[in-house]
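Asker: Before anything else, here's the structure in question.
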Amino acid sequence: MAKVNVEQVKTESHGLFSPLAQDLTTSDAFLSEAGKILIKFHGSYEQTNRDKRGGAAKEFSFMVRSKLPGGRLTADQYLAHDRIADEFANGSLRLTTRQGIQFHGVIKDDLRGTVRALNHALVTTFGACGDVVRNVMCCPAPTADPQRLAVQALATDLSNATLPATKAYHQIWIEGKSIIDDEVEPDALYGKTYLPRKFKMAIAFPGDNCVDIYTQDLGLVALFDNANQLIGFNVLAGGGMGMTHNDEDTFPRLADVVGFVEPDAALAVTHAVVGIHRDFGDRNNRKHARLKYVIHDRGLAWFKEELQRRLPFELQAAHPMPEFTLPDHLGWHEQHDAAGNWYLGIPIASGRIIDTEQMQLRTALRLIVSEFNTPVHITGQQNVLLADIAPQHRERIEQILQTHHVLTVDQLSQVRRFALACVALPTCPLAITEAERAMPDLLDTFEDALEELGLLGEPINVRMTGCPNGCARPYTAEVAFVGRSLNKYTIFLGGSPASTRMAQVYQDLVPFSELVSRLKEPLTRFRDERQPNEAFGDFCHRAILTPVVSSQ
Ligand code: SRM
Ligand code: SF4
């Protein structure tokens, strides 16, 4: 089959409308090649069940992704997702590493029903995927501080301000239209060809890197003065994780700090940086099309100059920032509001909300959210924070969790607490190896090894992906396992516990069964040689990966 040119599909799509709208009217279980590209902009991917092998006919279904700026949902919105999981999908909700929710196993005939049900709950899927600005991340920790609430609301404002202007989404999913009858103006932000590739942005609070700010195309770090007033944002640009094995032109990259802007300049700087990606991103090679390559190839000085040229105000020098940590916000926390409310962070293994014989997680969450009307906030670590809990309801909530065998953070080892895994098999077409499904067993073995070495209390941050695209942001982890070839992984070590430094390759092509045993040596050396309070990632960076420079 001839490869479809994505730039041509976008140009000829009549504002992301055709041929997707027409494809949805056919009796086929799948879309045309162009339709498959366009549906991504609408928040969905066509997939096949990769567990079905041999001569079995392909089983087509769709992944549908909700775009939730800052990961925040009202109780009703969460319950709508819960209902959709049964009505249209495979009975599970999958929290993502960008604070979204995915459904898997939606058949083509149910796509409209799914999107409509989400829209009815005032949730969009538009721009959750595709060559546009994706879900805008922000630290989701519930707070009563008006300054911080305003920053969290900014994630929604920026998300709305960067939505494609086309009416196609409404026409296709709500009106059910399949005939083009009006002229489409080129999009003011995106033009006719949208961006050369996806664009990701996040807002962080000082010292809190729960959004992995250095891995974003654009990062805004909110800064406050001594009176706790927002004074503006440090601007970071050019981060990204994706790479391709054996292709040196592709690599993960940390964002550079490029300057500081005042609070009301967030939208202008977003439009300017998105504009640079739109105008200078590589439209001939999608593997080399992210903003990080524009900055790497043209240089940071060029980028700053180009950014300044597009801004109606002076880009100021970046302000000093407090050192980052990576709080996961799990457990009970006071919200410090007038009502004396609390929030509870519940760990969700790889973000999969599902009922099993051992743990009825989905039911427990549904019961709590229905009974107490708790807003649900999703973290970038694939966990949930239940907000606005009155002190007198804490006991009943703990009881519901216990009755349904839901593990709380105090019942998890540190390594399990911080672990992340991408979806991988059986739905991801790009997966080379397992990730989410293999993570529980891997963590069992990891915990045994740590216990043997007396290190079970160490908060080591482990991430696993089924391919080098990096959906669980492995390249900033202290330990990462990245799918390399059939059942084999590359081990990366040496990211910092706060996700502010790049990990490096430690060993390549390691069979799954040996992943933990290959770490015994660095772990033993860590136990014996570490400096006081040194984290495993920092130790590996200093002593395992970096050549020791002799002072003689
Ligand atoms: Fe991702 C592609 C899942 C966060 C980098 N990602 C995919 C696809 C859609 C596979 C595909 O293209 O057909 C995966 C769907 C699997 C499935 O069956 O559900 C997929 N990515 C995910 C999620 C669900 C992983 C998770 O376990 O949570 C995350 C959804 C986030 C969201 O709500 O929007 C997810 N993906 C990320 C991240 C992390 C982040 O954004 O913070 C990254 C690394 C950051 C970055 O973009 O640089 C990431 N995904 C990729 C890439 C590599 C892009 C590149 O620049 O090279 C691909 C491949 C592609 O786009 O061609 C990809
Ligand atoms: Fe799929 Fe690779 Fe992303 Fe995992 S990292 S979800 S295997 S694209």
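Simple scheme: letters A, B, ... for chains in structure tokens order, numbers from 1 for residues in each chain, numbers from 1 for ligands in the order shown.
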Which residues of range 1-102 of chain A sit at most 7 Å from range 116-140 of chain A, using only C-alpha atoms? Give each one's shortest atom pair and distance in Å (one decimal place), in chain and ascending residue order, as CSV.
Answerer:
```
residue,atom,partner,partner_atom,distance
A:Lys40,CA,A:Gly130,CA,4.9
A:Phe41,CA,A:Gly130,CA,4.2
A:His42,CA,A:Phe126,CA,4.5
A:Gly43,CA,A:Ala128,CA,4.6
A:Ser44,CA,A:Cys129,CA,7.0
A:Arg65,CA,A:Thr125,CA,5.8
A:Ser66,CA,A:Thr125,CA,4.6
A:Lys67,CA,A:Ala128,CA,5.1
A:Leu68,CA,A:Asn135,CA,6.4
A:Pro69,CA,A:Val136,CA,5.0
A:Gly70,CA,A:Cys138,CA,4.4
A:Gly71,CA,A:Pro140,CA,6.3
A:Arg72,CA,A:Pro140,CA,6.8
A:Gln77,CA,A:Ala121,CA,5.5
A:Ala80,CA,A:Ala121,CA,6.6
A:Arg98,CA,A:Met137,CA,6.3
A:Gln99,CA,A:Met137,CA,6.8
```
Asker: Counting only C-alpha atoms and all ligand atoms, what residues are within 9 Å of ligand 2, given as JSON, numbers by chain?
Answerer: {"A": [242, 421, 422, 423, 424, 425, 427, 428, 429, 430, 431, 432, 433, 434, 435, 436, 464, 465, 466, 467, 468, 469, 470, 471, 472, 473, 474, 482, 483]}
Asker: Suppose we keep C-alpha atoms; can you now write the selection as a PDB file, in the first residue's frame?
Answerer:
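Printed below is again29.pdb as written:
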```pdb
ATOM      1  CA  GLY A 242      10.954  10.232  21.396  1.00  0.00           C
ATOM      2  CA  ALA A 421       4.740   2.069  32.430  1.00  0.00           C
ATOM      3  CA  CYS A 422       3.298   2.899  29.029  1.00  0.00           C
ATOM      4  CA  VAL A 423       0.357   0.999  27.503  1.00  0.00           C
ATOM      5  CA  ALA A 424       2.375  -1.035  24.960  1.00  0.00           C
ATOM      6  CA  LEU A 425       0.870  -4.443  24.036  1.00  0.00           C
ATOM      7  CA  THR A 427      -3.135  -2.153  21.720  1.00  0.00           C
ATOM      8  CA  CYS A 428      -0.141   0.004  20.802  1.00  0.00           C
ATOM      9  CA  PRO A 429       0.895  -0.637  17.194  1.00  0.00           C
ATOM     10  CA  LEU A 430       4.409   0.653  17.875  1.00  0.00           C
ATOM     11  CA  ALA A 431       5.175  -1.611  20.844  1.00  0.00           C
ATOM     12  CA  ILE A 432       8.197  -3.861  20.413  1.00  0.00           C
ATOM     13  CA  THR A 433       7.926  -5.359  23.902  1.00  0.00           C
ATOM     14  CA  GLU A 434       5.539  -5.507  26.838  1.00  0.00           C
ATOM     15  CA  ALA A 435       5.444  -2.657  29.378  1.00  0.00           C
ATOM     16  CA  GLU A 436       2.214  -2.154  31.411  1.00  0.00           C
ATOM     17  CA  MET A 464       9.259   1.115  31.423  1.00  0.00           C
ATOM     18  CA  THR A 465       8.203   1.521  27.799  1.00  0.00           C
ATOM     19  CA  GLY A 466       7.535  -0.943  25.030  1.00  0.00           C
ATOM     20  CA  CYS A 467       9.522   1.065  22.463  1.00  0.00           C
ATOM     21  CA  PRO A 468      11.879   4.049  22.312  1.00  0.00           C
ATOM     22  CA  ASN A 469       9.104   6.625  21.752  1.00  0.00           C
ATOM     23  CA  GLY A 470       9.200   7.287  25.465  1.00  0.00           C
ATOM     24  CA  CYS A 471       5.517   7.598  26.423  1.00  0.00           C
ATOM     25  CA  ALA A 472       6.301   6.997  30.124  1.00  0.00           C
ATOM     26  CA  ARG A 473       9.171   9.529  29.904  1.00  0.00           C
ATOM     27  CA  PRO A 474      11.854   6.901  30.587  1.00  0.00           C
ATOM     28  CA  VAL A 482      13.016   0.599  27.021  1.00  0.00           C
ATOM     29  CA  GLY A 483      11.727  -2.018  24.551  1.00  0.00           C
TER      30      GLY A 483
END
```
Asker: Could you check the closest approach to ligand 1 for each of A:Arg463, A:Lys304, A:Lys177, A:Arg112 and tell me which residue wins, using only C-alpha atoms and all ligand atoms?
Answerer: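 Using only C-alpha atoms and all ligand atoms, ligand 1 sits closest to A:Arg463.
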Asker: Where does DSSP see strand (DSSP E) in range 37-85 of chain A, if you list the residues as JSON, numbers by chain?
Answerer: {"A": [44, 45, 46, 47, 48, 60, 61, 62, 63, 64, 65, 66, 72, 73]}
Asker: Those residues you just picked out, can you put them in a file as a compact mmCIF listing (two decimals), in the first residue's frame with C-alpha atoms?
Answerer:
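The resulting file, result-v4.txt, is reproduced below:
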```txt
# COMPACT_ATOMS: atom_id res chain seq x y z
CA SER A 44 -8.69 8.76 18.50
CA TYR A 45 -6.45 6.10 16.93
CA GLU A 46 -7.46 3.08 14.92
CA GLN A 47 -5.84 -0.02 16.44
CA THR A 48 -5.83 -3.80 16.12
CA PHE A 60 -10.19 -3.39 14.50
CA SER A 61 -11.10 -1.06 17.31
CA PHE A 62 -10.31 2.49 18.41
CA MET A 63 -8.55 4.13 21.30
CA VAL A 64 -10.30 7.35 22.35
CA ARG A 65 -8.45 9.91 24.49
CA SER A 66 -10.04 12.63 26.62
CA ARG A 72 -8.99 18.04 36.41
CA LEU A 73 -12.45 16.44 36.28
```
Asker: I need the residues of range 175-420 of chain A that end up classed as helix (DSSP H, G or I) by DSSP on the backbone, written out as a PyMOL selection string.
Answerer: chain A and resi 175+213-215+263-280+286-288+291-298+300-310+349-351+361-372+391-403+409-411+414-417
Asker: Would you please work out which residue, of A:Lys52, A:Arg94, A:Arg437, A:His377, is nearest to ligand 1 when using only C-alpha atoms and all ligand atoms?
Answerer: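 Going through A:Lys52, A:Arg94, A:Arg437, A:His377 one by one, the smallest distance to ligand 1 is for A:Arg94.
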Asker: Quick one: pull the distance between CA of Gly345 in chain A and CA of Gln392 in chain A, Å, one decimal.
Answerer: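 About the pair CA of Gly345 in chain A and CA of Gln392 in chain A: they are 17.3 Å apart.
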Asker: Considering only C-alpha atoms, return as a compact mmCIF listing (two decimals) with N, CA, C and O atoms, in the first residue's frame whatever protein or nucleic-acid residues lie within 9 Å of Ile37 in chain A, sequence-local ones (same chain, fewer than 5 positions apart) excluded.
Answerer:
```
# COMPACT_ATOMS: atom_id res chain seq x y z
N VAL A 4 0.88 7.20 2.79
CA VAL A 4 0.13 8.45 2.64
C VAL A 4 0.98 9.59 3.17
O VAL A 4 1.64 9.46 4.20
N VAL A 6 1.36 12.76 5.09
CA VAL A 6 0.56 13.39 6.15
C VAL A 6 0.31 14.87 5.83
O VAL A 6 -0.79 15.40 6.04
N VAL A 9 -2.44 15.08 3.35
CA VAL A 9 -3.74 14.76 3.95
C VAL A 9 -4.28 15.96 4.71
O VAL A 9 -5.46 16.33 4.59
N LYS A 10 -3.40 16.63 5.48
CA LYS A 10 -3.85 17.79 6.26
C LYS A 10 -4.33 18.90 5.31
O LYS A 10 -5.39 19.48 5.50
N LEU A 20 -12.41 11.76 6.68
CA LEU A 20 -12.85 11.12 7.92
C LEU A 20 -14.38 11.07 8.02
O LEU A 20 -14.97 10.02 8.34
N SER A 32 -10.13 4.78 6.03
CA SER A 32 -9.14 4.90 4.94
C SER A 32 -7.81 5.35 5.54
O SER A 32 -7.76 5.81 6.69
N TYR A 45 -7.34 6.87 17.80
CA TYR A 45 -6.45 6.10 16.93
C TYR A 45 -7.13 4.79 16.56
O TYR A 45 -7.71 4.14 17.44
N GLY A 130 -2.70 14.12 17.33
CA GLY A 130 -2.55 14.90 16.10
C GLY A 130 -1.49 15.99 16.20
O GLY A 130 -0.89 16.21 17.26
```
Asker: Quick one: residues within 10 Å of Lys520 in chain A, only C-alpha atoms, excluding same-chain residues fewer than 3 positions away - as a list in words?
Answerer: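 Here the answer would be Phe446, Ala449, Leu450, Leu453, Leu515, Val516, Ser517, Leu523, Thr524, Arg525 and Phe526 of chain A.
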Asker: Take the residues that were just selected and, keeping C-alpha atoms, output them as a PDB file, in the first residue's frame.
Answerer:
```
ATOM      1  CA  PHE A 446      12.863  -5.700  41.795  1.00  0.00           C
ATOM      2  CA  ALA A 449      16.365  -7.757  44.951  1.00  0.00           C
ATOM      3  CA  LEU A 450      16.061  -4.536  46.945  1.00  0.00           C
ATOM      4  CA  LEU A 453      20.237  -5.705  49.662  1.00  0.00           C
ATOM      5  CA  LEU A 515      16.538  -6.947  33.751  1.00  0.00           C
ATOM      6  CA  VAL A 516      16.777  -6.968  37.530  1.00  0.00           C
ATOM      7  CA  SER A 517      19.794  -9.259  37.867  1.00  0.00           C
ATOM      8  CA  LEU A 523      22.622  -1.565  43.429  1.00  0.00           C
ATOM      9  CA  THR A 524      25.232  -3.318  45.569  1.00  0.00           C
ATOM     10  CA  ARG A 525      27.757  -0.592  44.891  1.00  0.00           C
ATOM     11  CA  PHE A 526      25.094   1.974  45.722  1.00  0.00           C
TER      12      PHE A 526
END
```
